[in-house]
file data09.cif (mmCIF, C-alpha atoms)
data_protein
#
loop_
_atom_site.label_atom_id
_atom_site.label_comp_id
_atom_site.auth_asym_id
_atom_site.auth_seq_id
_atom_site.Cartn_x
_atom_site.Cartn_y
_atom_site.Cartn_z
CA MET R 1 133.56 116.27 236.13
CA ASN R 2 132.45 117.16 239.67
CA SER R 3 130.20 114.08 239.77
CA LEU R 4 133.17 111.85 238.95
CA ILE R 5 135.19 113.38 241.77
CA ASP R 6 132.32 112.99 244.26
CA GLN R 7 131.72 109.34 243.34
CA GLU R 8 135.36 108.24 243.60
CA PRO R 9 137.16 110.59 246.02
CA THR R 10 139.92 108.04 246.80
CA ARG R 11 141.26 107.92 243.24
CA PRO R 12 144.26 110.09 242.30
CA LEU R 13 143.21 113.51 241.07
CA GLU R 14 145.20 113.14 237.86
CA GLN R 15 143.43 109.88 237.00
CA ILE R 16 140.05 111.44 237.74
CA ARG R 17 140.83 114.30 235.38
CA ARG R 18 142.01 111.89 232.71
CA ASP R 19 138.84 109.79 233.01
CA ALA R 20 136.70 112.93 232.87
CA LYS R 21 138.50 113.99 229.68
CA HIS R 22 137.87 110.59 228.09
CA HIS R 23 134.22 110.71 229.11
CA ALA R 24 133.92 114.17 227.58
CA ALA R 25 135.36 112.77 224.33
CA VAL R 26 132.57 110.18 224.23
CA VAL R 27 129.85 112.75 224.82
CA GLY R 28 131.43 115.21 222.37
CA ASN R 29 131.50 112.50 219.71
CA GLU R 30 127.80 111.82 220.29
CA ARG R 31 126.96 115.50 219.93
CA MET R 32 129.02 115.77 216.77
CA ILE R 33 127.18 112.84 215.19
CA ALA R 34 123.83 114.35 216.19
CA LEU R 35 124.75 117.77 214.76
CA VAL R 36 126.00 116.50 211.41
CA GLY R 37 123.12 114.04 211.21
CA THR R 38 120.64 116.90 211.62
CA VAL R 39 122.29 118.83 208.79
CA LEU R 40 122.14 115.73 206.59
CA LEU R 41 118.47 115.18 207.41
CA VAL R 42 117.63 118.71 206.27
CA LEU R 43 119.57 118.28 203.01
CA ILE R 44 117.95 114.91 202.33
CA GLY R 45 114.54 116.51 202.86
CA VAL R 46 115.45 119.20 200.33
CA GLU R 47 116.44 116.53 197.81
CA ILE R 48 113.10 114.76 198.22
CA ILE R 49 111.21 118.02 197.69
CA ILE R 50 113.28 118.77 194.59
CA ALA R 51 112.25 115.41 193.13
CA ALA R 52 108.69 116.72 192.73
CA ASP R 53 109.89 118.56 189.60
CA MET R 54 113.13 116.90 188.66
CA ARG R 55 113.25 118.30 185.12
CA ALA R 56 113.17 121.94 186.18
CA LEU R 57 115.21 121.47 189.35
CA MET R 58 117.87 119.04 188.11
CA PRO R 59 120.72 121.59 188.55
CA ILE R 60 119.64 122.16 192.16
CA HIS R 61 119.35 118.40 192.69
CA ILE R 62 122.96 117.95 191.61
CA PHE R 63 124.08 120.99 193.63
CA VAL R 64 122.47 119.81 196.88
CA GLY R 65 123.65 116.25 196.26
CA VAL R 66 127.26 117.37 196.09
CA VAL R 67 126.85 119.62 199.15
CA LEU R 68 125.51 116.82 201.35
CA THR R 69 128.43 114.57 200.38
CA PHE R 70 130.79 116.46 202.69
CA PRO R 71 128.64 116.31 205.87
CA LEU R 72 127.95 112.66 205.02
CA PHE R 73 131.66 111.84 205.03
CA MET R 74 132.04 113.87 208.21
CA LYS R 75 129.36 111.77 209.90
CA MET R 76 130.99 108.58 208.64
CA GLY R 77 134.26 109.80 210.11
CA SER R 78 132.68 110.54 213.49
CA VAL R 79 130.99 107.15 213.64
CA GLY R 80 134.18 105.48 212.46
CA TYR R 81 136.12 107.27 215.21
CA ARG R 82 133.79 105.84 217.85
CA PHE R 83 134.13 102.37 216.33
CA LEU R 84 137.93 102.67 216.26
CA ARG R 85 138.18 103.86 219.86
CA TYR R 86 135.85 101.09 221.03
CA SER R 87 137.72 98.42 219.04
CA THR R 88 141.10 99.54 220.41
CA GLY R 89 139.85 99.29 223.99
CA SER R 90 139.49 102.93 225.00
CA PRO R 91 138.00 102.62 228.52
CA ALA R 92 135.44 105.42 228.14
CA PHE R 93 134.19 104.14 224.77
CA VAL R 94 134.14 100.54 226.03
CA GLN R 95 132.12 101.66 229.04
CA LYS R 96 129.70 103.45 226.71
CA GLY R 97 129.34 100.19 224.83
CA PRO R 98 128.60 99.44 221.18
CA PRO R 99 125.34 100.29 219.43
CA ARG R 100 122.58 97.72 219.65
CA LEU R 101 122.98 94.58 217.57
CA GLU R 102 120.24 95.63 215.16
CA MET R 103 122.01 98.87 214.33
CA ARG R 104 125.41 97.18 214.04
CA LEU R 105 123.93 94.86 211.42
CA LEU R 106 122.34 97.82 209.64
CA ALA R 107 125.52 99.94 209.59
CA PRO R 108 127.45 98.10 206.80
CA LEU R 109 124.38 98.07 204.56
CA LEU R 110 123.79 101.78 205.12
CA LEU R 111 127.47 102.53 204.49
CA LEU R 112 127.52 100.60 201.22
CA ALA R 113 124.25 102.15 200.03
CA SER R 114 125.50 105.65 200.91
CA LEU R 115 128.79 105.19 199.07
CA SER R 116 127.00 103.73 196.05
CA LEU R 117 124.53 106.62 195.99
CA VAL R 118 127.21 109.29 196.24
CA ALA R 119 129.62 107.63 193.81
CA SER R 120 126.96 106.99 191.18
CA GLY R 121 125.53 110.49 191.53
CA ILE R 122 128.87 112.23 191.13
CA THR R 123 129.80 109.95 188.24
CA LEU R 124 126.53 110.80 186.50
CA ALA R 125 127.14 114.52 186.92
CA LEU R 126 130.58 114.17 185.34
CA LEU R 127 129.61 111.82 182.51
CA GLY R 128 126.46 113.53 181.30
CA PRO R 129 123.56 111.68 179.64
CA PRO R 130 124.70 111.04 176.06
CA THR R 131 126.69 107.83 176.77
CA ALA R 132 125.55 104.23 177.18
CA PHE R 133 127.72 103.96 180.30
CA SER R 134 125.92 106.87 181.95
CA VAL R 135 122.60 105.05 181.43
CA CYS R 136 124.00 102.05 183.34
CA VAL R 137 125.24 104.34 186.11
CA LEU R 138 121.80 105.99 186.20
CA ARG R 139 120.23 102.59 186.86
CA LEU R 140 122.74 101.98 189.64
CA HIS R 141 121.88 105.38 191.08
CA ALA R 142 118.17 104.55 191.02
CA LEU R 143 118.82 101.18 192.69
CA SER R 144 120.96 102.89 195.31
CA VAL R 145 118.11 105.28 196.11
CA ILE R 146 115.68 102.37 196.52
CA CYS R 147 118.06 100.63 198.94
CA TRP R 148 119.30 103.75 200.71
CA LEU R 149 116.09 105.57 201.67
CA PRO R 150 114.53 102.70 203.68
CA LEU R 151 117.80 102.18 205.53
CA VAL R 152 118.02 105.90 206.28
CA ALA R 153 114.40 105.89 207.47
CA LEU R 154 115.15 103.11 209.94
CA HIS R 155 118.36 104.81 211.06
CA VAL R 156 116.66 108.17 211.57
CA GLY R 157 113.69 106.63 213.35
CA THR R 158 116.06 104.85 215.72
CA TYR R 159 118.24 107.80 216.72
CA ILE R 160 116.13 110.92 216.24
CA TRP R 161 114.66 110.58 219.73
CA ARG R 162 117.95 111.56 221.34
CA VAL R 163 119.00 114.26 218.85
CA PRO R 164 117.16 117.24 220.46
CA ARG R 165 118.69 116.44 223.84
CA LEU R 166 122.20 116.18 222.39
CA LEU R 167 121.88 119.43 220.41
CA LEU R 168 120.42 121.41 223.31
CA ALA R 169 123.00 120.07 225.75
CA ASP R 170 125.76 121.93 223.91
CA TRP R 171 124.02 125.24 224.69
CA GLN R 172 123.13 124.65 228.32
CA LYS R 173 124.81 126.70 231.01
CA HIS R 174 128.30 125.47 231.88
CA SER R 175 128.02 122.63 229.33
CA THR R 176 131.31 123.57 227.65
CA ARG R 177 133.16 123.31 230.96
CA TRP R 178 132.93 119.52 231.13
CA VAL R 179 132.36 118.75 227.42
CA PRO R 180 134.62 121.19 225.55
CA GLY R 181 134.82 121.44 221.79
CA ARG R 182 131.49 123.02 220.89
CA GLY R 183 133.27 125.52 218.66
CA TRP R 184 135.12 122.73 216.87
CA ARG R 185 131.91 120.76 216.34
CA TYR R 186 129.96 123.65 214.87
CA GLY R 187 132.97 125.08 213.09
CA GLY R 188 133.80 121.73 211.51
CA THR R 189 130.22 121.30 210.35
CA LEU R 190 130.25 124.78 208.84
CA VAL R 191 133.53 124.06 207.05
CA ALA R 192 132.04 120.85 205.63
CA LEU R 193 129.05 122.79 204.32
CA LEU R 194 131.24 125.49 202.81
CA ALA R 195 133.52 122.91 201.21
CA GLY R 196 130.48 121.10 199.85
CA THR R 197 129.10 124.36 198.48
CA GLY R 198 132.39 125.12 196.75
CA ALA R 199 132.55 121.65 195.21
CA ALA R 200 128.90 121.90 194.16
CA ALA R 201 129.64 125.17 192.39
CA LEU R 202 132.27 123.37 190.33
CA PHE R 203 129.78 120.62 189.43
CA PHE R 204 126.98 123.04 188.58
CA PRO R 205 127.91 123.45 184.87
CA PHE R 206 127.63 119.67 184.38
CA ALA R 207 123.92 119.84 185.26
CA ALA R 208 123.09 121.61 182.01
CA SER R 209 123.48 118.48 179.91
CA TRP R 210 121.07 116.57 182.15
CA THR R 211 118.52 119.37 181.98
CA ALA R 212 118.63 119.20 178.18
CA TRP R 213 118.05 115.44 178.25
CA GLU R 214 114.28 115.88 178.54
CA PRO R 215 113.05 112.53 177.13
CA ASN R 216 114.50 110.73 180.15
CA ILE R 217 113.66 113.21 182.88
CA ASP R 218 110.09 113.07 184.07
CA SER R 219 108.52 116.23 185.39
CA HIS R 220 106.98 114.23 188.25
CA ILE R 221 108.57 112.28 191.07
CA PRO R 222 110.62 109.44 189.46
CA GLY R 223 109.30 105.91 189.90
CA PRO R 224 112.40 104.64 191.77
CA LEU R 225 112.10 107.47 194.26
CA LEU R 226 108.40 106.78 194.79
CA ALA R 227 109.21 103.12 195.43
CA ALA R 228 111.99 104.11 197.82
CA LEU R 229 109.74 106.53 199.71
CA PHE R 230 107.03 103.90 200.04
CA ALA R 231 109.55 101.33 201.26
CA ALA R 232 111.05 103.92 203.64
CA VAL R 233 107.67 104.55 205.25
CA LEU R 234 107.02 100.84 205.69
CA VAL R 235 110.49 100.08 207.02
CA GLY R 236 110.50 103.15 209.27
CA LEU R 237 107.13 102.33 210.84
CA GLY R 238 108.03 98.65 211.15
CA GLY R 239 111.31 99.53 212.83
CA LEU R 240 109.61 101.83 215.31
CA VAL R 241 107.09 99.13 216.22
CA LEU R 242 109.62 96.30 216.53
CA LEU R 243 112.67 98.11 217.94
CA ARG R 244 110.91 100.77 220.06
CA PRO R 245 114.07 102.91 220.24
CA TRP R 246 112.53 105.44 222.63
CA ARG R 247 112.90 102.80 225.37
CA TRP R 248 116.62 102.33 224.81
CA ARG R 249 118.81 103.65 227.58
CA GLN R 250 121.90 103.99 225.44
#
call {"tool": "encode", "arguments": {"input": "data09.cif", "output": "structure tokens"}}
result
Amino acid sequence: MNSLIDQEPTRPLEQIRRDAKHHAAVVGNERMIALVGTVLLVLIGVEIIIAADMRALMPIHIFVGVVLTFPLFMKMGSVGYRFLRYSTGSPAFVQKGPPRLEMRLLAPLLLLASLSLVASGITLALLGPPTAFSVCVLRLHALSVICWLPLVALHVGTYIWRVPRLLLADWQKHSTRWVPGRGWRYGGTLVALLAGTGAAALFFPFAASWTAWEPNIDSHIPGPLLAALFAAVLVGLGGLVLLRPWRWRQ
């Protein structure tokens, strides 16, 4: 806030304070997205590891899948808040500018794939394996994984360069004086994890039916997940080469 005052000393003090507050909202939103995104990345990594023995770890797969749903929606809400503030002409968010065109084109695809993955996964947990409809939903879930992982790989590769800086900035000396809300960011993330854990505990009994459905659960990494991982590596590396996000200023 001091830098804003030094740069424009002729502006009314009240307006300077208001602009500093709006700027802090932009930075706080960035840090929130980085924090929740980091939590999601860890949970996604756990899900990939679980897939190495899906038959034995199916209950944990369902449990973690339900848990990550809540931080995922929290991240969607944070990104949606930035989009809303930018679209409604908030000066600080307009000055920050929109994401790059490539990422704006990617966002709807990633959103649709995420919603399809979550919806199909939760539906499968509730239906159980003995129905023909659940088999159709299982195919949709597998297709969602194939589409979702490469998009996530490109998204992570694009933004992960700035995540350490954003996370560490919240713990630097005097950082909360000009970007308040650190407690709300970490507290909100913790609440999302606790809510996800509570919901996952309610879903846990439904996993038993899938564990008993052994003929359709391979003990190795499922083929759709292998295909998705392979595509994710290719798309992630290709995106890093073509987009070179570490050179972006935004």
call {"tool": "residues_around", "arguments": {"input": "data09.cif", "residues": "Gly188 in chain R", "least_positions_apart": "5", "cutoff": "10 Å", "atoms": "all atoms listed in the file", "output": "PyMOL selection string"}}
result
chain R and resi 32+36+71+74+182-183+193-194
call {"tool": "closest_residue", "arguments": {"input": "data09.cif", "among": "R:Met54, R:Val66, R:Val39, R:Ile160", "to": "Ala201 in chain R", "atoms": "only C-alpha atoms"}}
result
R:Val66
call {"tool": "closest_residue", "arguments": {"input": "data09.cif", "among": "R:Arg139, R:His155, R:Arg162, R:Arg82", "to": "Leu35 in chain R", "atoms": "only C-alpha atoms"}}
result
R:Arg162
call {"tool": "closest_residue", "arguments": {"input": "data09.cif", "among": "R:Ser87, R:Ser134, R:Thr197, R:Ser78", "to": "Ile122 in chain R", "atoms": "all atoms listed in the file"}}
result
R:Ser134
call {"tool": "closest_residue", "arguments": {"input": "data09.cif", "among": "R:Thr88, R:Ile146, R:Ala153, R:Arg100", "to": "Ser116 in chain R", "atoms": "only C-alpha atoms"}}
result
R:Ile146
